[in-house]
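Dropping work-v9.tsv in here (TSV, C-alpha atoms):
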```
chain	number	residue	atom	x	y	z
A	49	MET	CA	143.14	161.32	80.71
A	50	ASP	CA	145.69	159.03	82.29
A	51	ASP	CA	148.21	160.77	84.51
A	52	ARG	CA	151.35	159.82	82.60
A	53	ARG	CA	153.45	161.78	85.06
A	54	GLY	CA	152.86	159.01	87.57
A	55	ALA	CA	153.92	156.22	85.25
A	56	VAL	CA	156.89	154.02	86.11
A	57	HIS	CA	158.61	155.21	82.93
A	58	ARG	CA	157.96	158.94	82.91
A	59	SER	CA	157.14	160.40	79.50
A	60	LEU	CA	158.61	163.62	78.16
A	61	PRO	CA	155.80	165.88	76.82
A	62	ILE	CA	156.83	167.29	73.43
A	63	CYS	CA	154.92	168.97	70.61
A	64	THR	CA	155.18	169.76	66.92
A	65	LEU	CA	155.53	173.41	65.91
A	66	GLY	CA	155.11	174.85	62.45
A	67	ALA	CA	152.91	176.83	60.12
A	68	THR	CA	149.64	175.49	58.74
A	69	GLY	CA	150.24	173.08	55.85
A	70	HIS	CA	153.94	172.53	56.56
A	71	GLY	CA	153.46	168.87	57.48
A	72	LYS	CA	153.23	168.63	61.29
A	73	THR	CA	150.66	165.85	61.28
A	74	THR	CA	152.29	164.04	58.35
A	75	LEU	CA	155.63	164.06	60.16
A	76	THR	CA	154.06	162.78	63.39
A	77	ALA	CA	152.40	159.93	61.46
A	78	ALA	CA	155.67	159.09	59.67
A	79	MET	CA	157.51	159.04	62.99
A	80	THR	CA	154.90	156.64	64.36
A	81	ARG	CA	155.49	154.25	61.46
A	82	VAL	CA	159.25	154.25	61.96
A	83	ILE	CA	159.05	153.96	65.75
A	84	GLN	CA	156.96	150.82	65.35
A	85	LYS	CA	160.12	149.30	63.85
A	86	ILE	CA	162.80	150.72	66.13
A	87	GLY	CA	160.83	151.21	69.35
A	88	SER	CA	157.30	150.69	70.61
A	89	ILE	CA	154.03	152.60	70.47
A	90	ARG	CA	152.35	152.74	73.85
A	91	SER	CA	149.07	154.43	72.92
A	92	LYS	CA	147.41	156.88	70.57
A	93	ILE	CA	144.81	159.44	71.62
A	94	ASP	CA	142.51	161.72	69.65
A	95	THR	CA	140.84	164.12	72.03
A	96	GLN	CA	139.83	167.61	72.98
A	97	PHE	CA	141.61	168.90	76.03
A	98	ASP	CA	138.87	171.13	77.43
A	99	GLN	CA	137.20	168.26	79.31
A	100	GLN	CA	140.39	167.12	81.04
A	101	ILE	CA	141.49	170.29	82.81
A	102	PRO	CA	141.42	170.61	86.61
A	103	ASP	CA	139.37	173.36	88.25
A	104	HIS	CA	142.36	175.57	89.02
A	105	HIS	CA	143.57	175.70	85.44
A	106	PRO	CA	142.89	178.79	83.30
A	107	ILE	CA	141.46	176.88	80.33
A	108	ARG	CA	137.75	176.30	80.90
A	109	GLU	CA	135.19	174.03	79.28
A	110	GLY	CA	134.31	175.31	75.83
A	111	VAL	CA	137.77	176.80	75.28
A	112	GLY	CA	139.42	173.59	74.25
A	113	ILE	CA	142.61	172.50	72.56
A	114	THR	CA	142.04	169.93	69.84
A	115	TYR	CA	145.02	167.64	69.41
A	116	ARG	CA	146.26	164.16	68.61
A	117	SER	CA	148.86	162.49	70.77
A	118	VAL	CA	150.99	159.39	70.65
A	119	ASP	CA	152.97	157.77	73.45
A	120	TYR	CA	156.08	155.92	72.37
A	121	GLU	CA	159.42	154.56	73.54
A	122	THR	CA	162.67	154.44	71.64
A	123	SER	CA	166.20	153.76	72.85
A	124	GLY	CA	164.93	153.61	76.41
A	125	LYS	CA	163.38	157.09	76.29
A	126	HIS	CA	159.64	157.65	76.58
A	127	TYR	CA	157.78	160.50	74.87
A	128	THR	CA	154.24	161.82	74.64
A	129	GLN	CA	154.06	163.79	71.41
A	130	PHE	CA	151.20	166.27	70.92
A	131	ASP	CA	150.12	167.46	67.49
A	132	CYS	CA	147.51	170.23	67.51
A	133	ASP	CA	144.88	170.67	64.81
A	134	THR	CA	145.42	174.38	64.18
A	135	ASN	CA	147.98	177.10	64.81
A	136	LEU	CA	145.52	178.63	67.28
A	137	ASP	CA	145.47	175.36	69.21
A	138	VAL	CA	149.28	175.39	69.38
A	139	VAL	CA	149.29	178.94	70.77
A	140	LYS	CA	146.66	178.09	73.40
A	141	MET	CA	148.55	174.94	74.37
A	142	LEU	CA	151.80	176.84	74.90
A	143	VAL	CA	150.35	179.90	76.63
A	144	SER	CA	148.11	177.90	78.96
A	145	ASN	CA	150.89	175.43	79.79
A	146	SER	CA	148.11	172.84	79.65
A	147	LEU	CA	150.33	169.97	78.58
A	148	ALA	CA	153.57	171.07	80.30
A	149	ILE	CA	155.56	170.91	77.05
A	150	GLN	CA	159.29	170.29	77.66
A	151	GLY	CA	160.56	169.86	74.09
A	152	ALA	CA	159.50	170.58	70.52
A	153	ILE	CA	159.93	169.46	66.93
A	154	TRP	CA	159.87	172.47	64.59
A	155	ILE	CA	158.89	171.60	61.02
A	156	VAL	CA	159.41	174.00	58.11
A	157	ASP	CA	158.24	173.44	54.54
A	158	ALA	CA	161.13	174.04	52.13
A	159	VAL	CA	158.84	175.44	49.43
A	160	ASN	CA	157.45	178.19	51.68
A	161	GLY	CA	160.41	178.63	54.02
A	162	VAL	CA	160.07	180.14	57.49
A	163	THR	CA	156.77	181.99	57.40
A	164	GLN	CA	155.69	184.70	59.84
A	165	GLU	CA	153.33	182.20	61.47
A	166	SER	CA	156.14	179.70	61.97
A	167	SER	CA	158.56	182.34	63.28
A	168	LYS	CA	156.01	183.57	65.84
A	169	LEU	CA	155.62	180.05	67.24
A	170	ILE	CA	159.37	179.77	67.69
A	171	GLN	CA	159.42	183.13	69.46
A	172	ILE	CA	156.71	181.88	71.83
A	173	ALA	CA	158.74	178.73	72.48
A	174	LYS	CA	161.71	180.96	73.32
A	175	ARG	CA	159.63	183.11	75.70
A	176	LEU	CA	158.47	179.96	77.48
A	177	LYS	CA	162.02	178.61	77.69
A	178	ILE	CA	161.33	175.28	76.01
A	179	PRO	CA	164.80	173.78	76.51
A	180	THR	CA	165.19	171.77	73.29
A	181	VAL	CA	163.95	172.27	69.74
A	182	ILE	CA	164.80	169.69	67.07
A	183	SER	CA	164.06	170.97	63.56
A	184	PHE	CA	162.87	169.16	60.42
A	185	LEU	CA	163.05	170.77	56.96
A	186	ASN	CA	160.30	169.13	54.94
A	187	THR	CA	161.60	169.04	51.37
A	188	ARG	CA	158.51	167.57	49.70
A	189	ASP	CA	159.41	167.21	45.98
A	190	ILE	CA	162.41	169.53	45.80
A	191	VAL	CA	165.10	167.16	47.09
A	192	LYS	CA	167.38	167.93	44.14
A	193	ASP	CA	167.31	171.69	44.70
A	194	ASP	CA	170.33	171.85	46.99
A	195	GLU	CA	170.60	175.64	46.81
A	196	LEU	CA	167.03	176.19	48.03
A	197	ILE	CA	167.52	173.65	50.83
A	198	ASP	CA	170.75	175.35	51.92
A	199	ILE	CA	168.98	178.72	52.03
A	200	CYS	CA	166.16	177.30	54.17
A	201	VAL	CA	168.58	175.57	56.55
A	202	GLN	CA	170.58	178.78	56.93
A	203	GLU	CA	167.43	180.78	57.65
A	204	MET	CA	166.28	178.25	60.25
A	205	ARG	CA	169.71	178.18	61.88
A	206	GLU	CA	169.81	181.97	62.16
A	207	ILE	CA	166.44	182.01	63.94
A	208	LEU	CA	167.41	179.17	66.27
A	209	THR	CA	170.71	180.86	67.13
A	210	GLU	CA	168.96	184.17	67.74
A	211	CYS	CA	166.65	182.33	70.15
A	212	GLU	CA	169.73	180.85	71.88
A	213	TRP	CA	169.26	177.21	70.86
A	214	GLU	CA	172.80	176.08	70.19
A	215	GLU	CA	173.57	174.14	67.02
A	216	GLN	CA	175.06	171.11	68.79
A	217	ASN	CA	171.86	170.57	70.79
A	218	SER	CA	169.39	171.76	68.18
A	219	PRO	CA	170.09	169.94	64.89
A	220	ILE	CA	168.18	170.47	61.64
A	221	ILE	CA	167.17	167.26	59.85
A	222	VAL	CA	166.33	167.40	56.13
A	223	GLY	CA	163.79	164.95	54.67
A	224	ASP	CA	160.41	164.33	53.05
A	225	ALA	CA	157.68	163.57	55.59
A	226	GLU	CA	155.12	162.53	52.96
A	227	LYS	CA	157.47	160.04	51.27
A	228	ALA	CA	158.39	158.59	54.66
A	229	LEU	CA	154.72	158.11	55.52
A	230	THR	CA	153.74	156.53	52.19
A	231	TYR	CA	156.87	154.36	51.80
A	232	LYS	CA	155.69	150.81	51.03
A	233	GLY	CA	158.76	149.02	52.37
A	234	ASP	CA	160.06	148.55	55.88
A	235	ARG	CA	163.85	149.01	55.55
A	236	ILE	CA	165.11	151.32	58.26
A	237	ASN	CA	168.10	152.37	56.15
A	238	SER	CA	166.00	153.27	53.11
A	239	ASP	CA	166.33	156.81	51.72
A	240	HIS	CA	162.68	157.44	52.63
A	241	TRP	CA	163.02	156.54	56.31
A	242	LYS	CA	166.59	157.61	57.06
A	243	PRO	CA	165.69	161.27	57.82
A	244	ILE	CA	163.00	160.10	60.26
A	245	VAL	CA	165.49	157.77	61.95
A	246	ASP	CA	167.97	160.65	62.14
A	247	LEU	CA	165.28	162.83	63.71
A	248	ILE	CA	164.46	160.20	66.34
A	249	PHE	CA	168.13	159.65	67.16
A	250	ALA	CA	168.60	163.42	67.49
A	251	MET	CA	165.70	163.52	69.94
A	252	ASN	CA	167.20	160.72	72.01
A	253	ARG	CA	170.51	162.56	72.10
A	254	CYS	CA	169.30	166.11	72.75
A	255	MET	CA	165.92	166.06	74.50
A	256	PRO	CA	166.03	166.67	78.27
A	257	LYS	CA	164.99	164.23	80.95
A	258	PRO	CA	161.31	164.54	81.95
A	259	ILE	CA	160.57	166.80	84.89
A	260	ASN	CA	158.82	165.01	87.72
A	261	PRO	CA	156.32	167.50	89.24
A	262	ASP	CA	156.45	165.53	92.48
A	263	ASP	CA	160.14	166.43	92.82
A	264	LEU	CA	159.50	170.18	92.52
A	265	PRO	CA	159.10	172.42	95.59
A	266	PRO	CA	155.47	172.23	96.77
A	267	ILE	CA	152.95	174.92	95.90
A	268	MET	CA	149.46	174.93	97.39
A	269	PRO	CA	147.16	177.90	96.77
A	270	ILE	CA	144.68	178.56	99.58
A	271	TYR	CA	141.11	178.42	98.26
A	272	GLU	CA	139.23	178.47	101.56
A	273	ILE	CA	139.79	179.11	105.27
A	274	VAL	CA	138.10	176.07	106.85
A	275	GLU	CA	138.64	176.68	110.56
A	276	GLU	CA	140.49	179.21	112.71
A	277	GLN	CA	141.54	178.45	116.27
A	278	LYS	CA	144.09	179.97	118.59
A	279	GLU	CA	147.54	179.31	117.10
A	280	ARG	CA	146.26	176.97	114.37
A	281	VAL	CA	144.37	177.50	111.12
A	282	THR	CA	143.01	174.86	108.73
A	283	VAL	CA	142.84	175.76	105.05
A	284	ARG	CA	141.59	174.02	101.93
A	285	GLY	CA	143.65	174.13	98.78
A	286	GLU	CA	145.17	172.07	96.01
A	287	ILE	CA	148.78	170.94	95.88
A	288	VAL	CA	149.60	171.81	92.27
A	289	GLN	CA	153.15	170.46	92.49
A	290	GLY	CA	155.45	168.75	94.97
A	291	HIS	CA	154.55	167.36	98.40
A	292	LEU	CA	153.86	168.87	101.80
A	293	ALA	CA	154.91	166.97	104.91
A	294	VAL	CA	153.69	167.14	108.50
A	295	GLY	CA	156.21	168.82	110.78
A	296	HIS	CA	158.01	170.65	107.99
A	297	ALA	CA	158.44	174.42	107.89
A	298	VAL	CA	156.35	176.24	105.27
A	299	ASP	CA	155.88	179.82	104.13
A	300	ILE	CA	152.61	181.57	103.35
A	301	VAL	CA	153.23	183.99	100.48
A	302	GLY	CA	151.17	186.70	98.80
A	303	LYS	CA	149.02	189.73	99.69
A	304	GLY	CA	151.57	191.06	102.18
A	305	ASP	CA	154.53	189.94	104.25
A	306	ARG	CA	155.84	186.37	104.08
A	307	ILE	CA	154.47	184.30	106.98
A	308	LYS	CA	156.77	181.60	108.35
A	309	THR	CA	154.96	178.67	109.93
A	310	LYS	CA	154.81	174.86	110.19
A	311	CYS	CA	152.57	172.17	108.78
A	312	LEU	CA	150.69	170.45	111.61
A	313	SER	CA	148.44	168.02	109.75
A	314	ILE	CA	147.33	167.06	106.23
A	315	LYS	CA	144.03	165.42	105.32
A	316	GLU	CA	143.19	165.23	101.64
A	317	ASN	CA	142.99	168.87	100.45
A	318	GLU	CA	142.94	170.35	103.96
A	319	VAL	CA	146.13	171.45	105.69
A	320	CYS	CA	146.48	172.72	109.25
A	321	VAL	CA	149.34	175.13	110.07
A	322	GLU	CA	150.54	177.12	113.05
A	323	SER	CA	148.99	180.57	112.70
A	324	GLU	CA	146.97	183.17	114.51
A	325	PRO	CA	143.42	183.85	113.24
A	326	ASP	CA	143.14	186.39	110.39
A	327	TRP	CA	146.74	185.89	109.29
A	328	LEU	CA	145.85	183.66	106.34
A	329	SER	CA	143.46	184.39	103.50
A	330	VAL	CA	142.27	183.06	100.16
A	331	GLY	CA	144.72	183.85	97.36
A	332	GLN	CA	147.85	183.21	99.38
A	333	VAL	CA	150.12	180.28	98.55
A	334	MET	CA	151.70	177.71	100.86
A	335	CYS	CA	155.22	176.66	99.86
A	336	HIS	CA	158.60	175.52	101.12
A	337	PRO	CA	160.57	178.34	102.77
A	338	LYS	CA	162.04	180.89	100.32
A	339	THR	CA	161.01	179.01	97.15
A	340	ILE	CA	158.50	181.50	95.73
A	341	LYS	CA	157.98	185.24	96.21
A	342	ALA	CA	155.11	187.68	95.88
A	343	HIS	CA	155.31	190.24	93.07
A	344	SER	CA	153.27	193.22	91.94
A	345	GLU	CA	154.98	193.70	88.56
A	346	PHE	CA	155.54	191.04	85.94
A	347	THR	CA	155.49	190.35	82.22
A	348	ALA	CA	153.45	187.60	80.64
A	349	LEU	CA	152.55	186.01	77.35
A	350	VAL	CA	148.82	186.54	76.91
A	351	TYR	CA	146.26	185.04	74.54
A	352	LEU	CA	142.84	186.72	74.15
A	353	PHE	CA	139.87	184.44	73.54
A	354	THR	CA	137.89	184.72	70.33
A	355	GLN	CA	134.20	185.59	70.52
A	356	GLU	CA	133.38	181.92	69.84
A	357	GLU	CA	135.47	180.89	72.85
A	358	SER	CA	134.33	183.49	75.37
A	359	GLY	CA	131.02	184.82	74.11
A	360	THR	CA	132.47	188.34	74.12
A	361	HIS	CA	134.64	190.49	71.87
A	362	ILE	CA	136.77	192.55	74.25
A	363	PRO	CA	140.24	193.79	73.21
A	364	LEU	CA	143.05	195.18	75.37
A	365	ILE	CA	144.45	198.69	74.97
A	366	GLU	CA	147.30	200.63	76.59
A	367	ASN	CA	146.74	201.38	80.31
A	368	ASP	CA	143.77	199.04	80.44
A	369	LYS	CA	142.84	197.78	83.90
A	370	PRO	CA	141.82	194.13	83.54
A	371	GLU	CA	141.54	191.83	86.52
A	372	ILE	CA	144.08	189.08	86.94
A	373	ARG	CA	142.59	185.88	88.34
A	374	MET	CA	145.36	183.94	90.04
A	375	TRP	CA	145.18	181.38	92.87
A	376	GLY	CA	141.40	181.73	93.10
A	377	ILE	CA	141.12	185.52	93.54
A	378	ASP	CA	140.76	188.54	91.25
A	379	VAL	CA	143.23	191.42	91.50
A	380	THR	CA	143.02	194.62	89.45
A	381	SER	CA	146.02	195.38	87.26
A	382	ARG	CA	147.28	198.06	84.91
A	383	LEU	CA	148.92	196.88	81.69
A	384	HIS	CA	151.52	198.21	79.29
A	385	LEU	CA	151.48	196.95	75.71
A	386	PRO	CA	154.64	196.30	73.66
A	387	ASP	CA	155.67	199.09	71.30
A	388	ASP	CA	154.44	197.24	68.20
A	389	PHE	CA	150.88	196.86	69.58
A	390	SER	CA	148.33	199.66	69.90
A	391	ILE	CA	145.62	197.10	70.64
A	392	VAL	CA	145.45	193.35	71.27
A	393	SER	CA	142.34	191.92	69.63
A	394	PRO	CA	140.57	188.63	70.40
A	395	GLY	CA	142.42	185.69	68.85
A	396	GLU	CA	145.80	187.45	69.15
A	397	ASN	CA	148.68	186.89	71.54
A	398	ALA	CA	151.20	189.40	72.87
A	399	HIS	CA	153.87	189.85	75.52
A	400	ILE	CA	152.41	192.33	78.04
A	401	SER	CA	153.66	194.02	81.22
A	402	PHE	CA	151.36	194.17	84.26
A	403	ALA	CA	151.31	196.02	87.58
A	404	LEU	CA	149.01	194.54	90.24
A	405	ASP	CA	147.20	196.48	92.96
A	406	LEU	CA	148.10	193.65	95.37
A	407	PRO	CA	151.21	191.43	95.30
A	408	LEU	CA	150.59	187.76	94.58
A	409	ALA	CA	152.85	184.72	94.74
A	410	MET	CA	154.17	183.91	91.30
A	411	GLU	CA	157.16	182.63	89.37
A	412	PHE	CA	158.08	181.88	85.78
A	413	GLY	CA	155.37	179.62	84.34
A	414	THR	CA	152.53	180.65	86.69
A	415	THR	CA	149.29	180.75	84.71
A	416	PHE	CA	146.31	183.06	85.18
A	417	GLU	CA	143.07	184.30	83.66
A	418	LEU	CA	142.36	187.77	82.32
A	419	LYS	CA	138.96	189.27	83.17
A	420	LYS	CA	137.24	192.42	82.00
A	421	MET	CA	133.67	193.65	82.48
A	422	GLY	CA	132.96	190.51	84.48
A	423	SER	CA	133.96	188.15	81.68
A	424	CYS	CA	136.99	185.91	81.28
A	425	ILE	CA	138.61	187.25	78.11
A	426	GLY	CA	141.94	185.45	77.98
A	427	ILE	CA	144.74	183.50	79.58
A	428	GLY	CA	148.35	184.25	80.35
A	429	VAL	CA	151.58	182.73	81.61
A	430	VAL	CA	154.21	184.61	83.60
A	431	THR	CA	157.50	184.89	81.72
A	432	GLU	CA	159.35	187.34	83.96
A	433	VAL	CA	158.87	188.82	87.44
A	434	VAL	CA	160.13	192.25	88.46
```

This structure in structure tokens:
Amino acid sequence: MDDRRGAVHRSLPICTLGATGHGKTTLTAAMTRVIQKIGSIRSKIDTQFDQQIPDHHPIREGVGITYRSVDYETSGKHYTQFDCDTNLDVVKMLVSNSLAIQGAIWIVDAVNGVTQESSKLIQIAKRLKIPTVISFLNTRDIVKDDELIDICVQEMREILTECEWEEQNSPIIVGDAEKALTYKGDRINSDHWKPIVDLIFAMNRCMPKPINPDDLPPIMPIYEIVEEQKERVTVRGEIVQGHLAVGHAVDIVGKGDRIKTKCLSIKENEVCVESEPDWLSVGQVMCHPKTIKAHSEFTALVYLFTQEESGTHIPLIENDKPEIRMWGIDVTSRLHLPDDFSIVSPGENAHISFALDLPLAMEFGTTFELKKMGSCIGIGVVTEVV
């Protein structure tokens, strides 16, 4: 996959959220038609994400995310919009942070209203602090039923407000995605296309600026100790965000006290720092001073793989002791399930508290694998550190 983050015009990764059959794909296709008139389509992609993921990422080959995407520009803003095939794909995309989603379009079918499936997706988006959600009420053939539409809008607004998306920055657009897609004309101000135009204008007004990972504080997990000499150690790792620079101060975090040191040289994935032998080890993280801390206790949104995805059928229960695989090492944990869960079964997701036997560097958004009985059984993303 092309690294769009390095493009001259950086794209904002957004996704469609909504229950099965509510019109996510229809809306995306209708938006594409309209944008061809008021903007420009850069590219379309139909793919499966499992073959594009770097080695350090929790999603592995065979546990893919099937999606369609379209790159487009309108009013000087560039977007990459992802539309997943199934609700399960949406959950995996959000929990794994595979596509670094920074905005969402929530579509609700007016006939069915906000279903439990749709509400759960919004709750996940809240947990993951997606900054902007633009909503679309898909009226289908009930445009004249103003009372039903008002009820749906009110229900959507209550959920958005509860999740702390303010009305002025999270509008609800009412329209018919199917009629917009099948409209035979090309008048932007037609009744069929106006809701789509309103949606696009709302995005341009409310969506945040794209985050440039290169501008974030650097994080480099240590995967291997290459060479140890007196007062200098060379390690191999992968800079997952930001940039390291020779001569700059860095911290080594995780598995014990913070180590303050300095970057002496950088060659591809190998970095040499000032350090005594045996101070550094695999599983620690190199970062700018005081930008990330080590924690033993945290909460995370977790998704357990289905048997088809992992080859096993292993649930989680209260006080379970799964291993957390983070930054290339496995650390035993003890978990605490939320009150409304007595068990988390494969294919389910839940917000779970963990206590690690060994503190690891982490922050909001850090991803990890869950292992049990020697098998990888799920993925998670840190939502709060204690």

Have a look at A:Ser423, A:Met79, A:Trp154, A:Met204 and name the one nearest to A:Gly359; count only C-alpha atoms.
->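 Counting only C-alpha atoms, the residue closest to A:Gly359 is A:Ser423.
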
What does the distance from atom CA of A:Gly376 to atom CA of A:Leu418 come to in Å, to one decimal?
-> 12.4 Å

Got a sec: who's within 12 Å of A:His361, counting only C-alpha atoms, leaving out chain neighbours fewer than 4 positions off, as a list in words?
->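 In the requested form, the answer reads Leu352, Phe353, Thr354, Gln355, Glu356, Glu357, Val392, Ser393, Pro394, Gly395, Glu396, Lys420, Met421, Ser423, Cys424, Ile425 and Gly426 of chain A.
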
Can you tell me, as a JSON list (two decimals) with C-alpha atoms, keeping the file's coordinate frame, what residues are no more than 6 Å from A:Ile300 when counting all atoms listed in the file, ignoring any on the same chain fewer than 5 positions away?
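After the write, part_14.json holds the following:
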```json
[["chain", "number", "residue", "atom", "x", "y", "z"],
["A", 306, "ARG", "CA", 155.84, 186.37, 104.08],
["A", 307, "ILE", "CA", 154.47, 184.30, 106.98],
["A", 333, "VAL", "CA", 150.12, 180.28, 98.55],
["A", 334, "MET", "CA", 151.70, 177.71, 100.86]]
```

One decimal, Å: what's the distance from atom CA of A:Glu203 over to atom CA of A:Lys72, could you say?
->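 Between atom CA of A:Glu203 and atom CA of A:Lys72 the gap works out to 19.0 Å.
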
Have a look at A:Thr431, A:Ser329, A:Gln289, A:Gln129 and name the one nearest to A:Val350; count all atoms listed in the file.
->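 Result for the nearest residue to A:Val350: A:Thr431.
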
Contact residues around A:Val301 with all atoms listed in the file at 9 Å, ignoring same-chain residues under 6 positions, as a list of chain:residue names | A:Ile307, A:Lys308, A:Gln332, A:Val333, A:Met334, A:Cys335, A:Ile340, A:Lys341, A:Ala342, A:Leu408, A:Ala409

Nearest to A:Pro179 by atom-to-atom distance, counting all atoms listed in the file, from A:Ile287, A:Cys254, A:Cys311, A:Val281 |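 The closest residue to A:Pro179 is A:Cys254.
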
Could you jot down the atom CA of A:Glu345 to atom CA of A:Trp327 separation for me, Å, one decimal place?
->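 Taking atom CA of A:Glu345 as the start and atom CA of A:Trp327 as the end point, the length is 23.6 Å.
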
Out of A:Leu208, A:Cys132, A:Ile267, A:Ile155, which residue has the shortest atom-to-atom distance to A:Thr187 when counting only C-alpha atoms?
->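 So, comparing all the options, the nearest one is A:Ile155.
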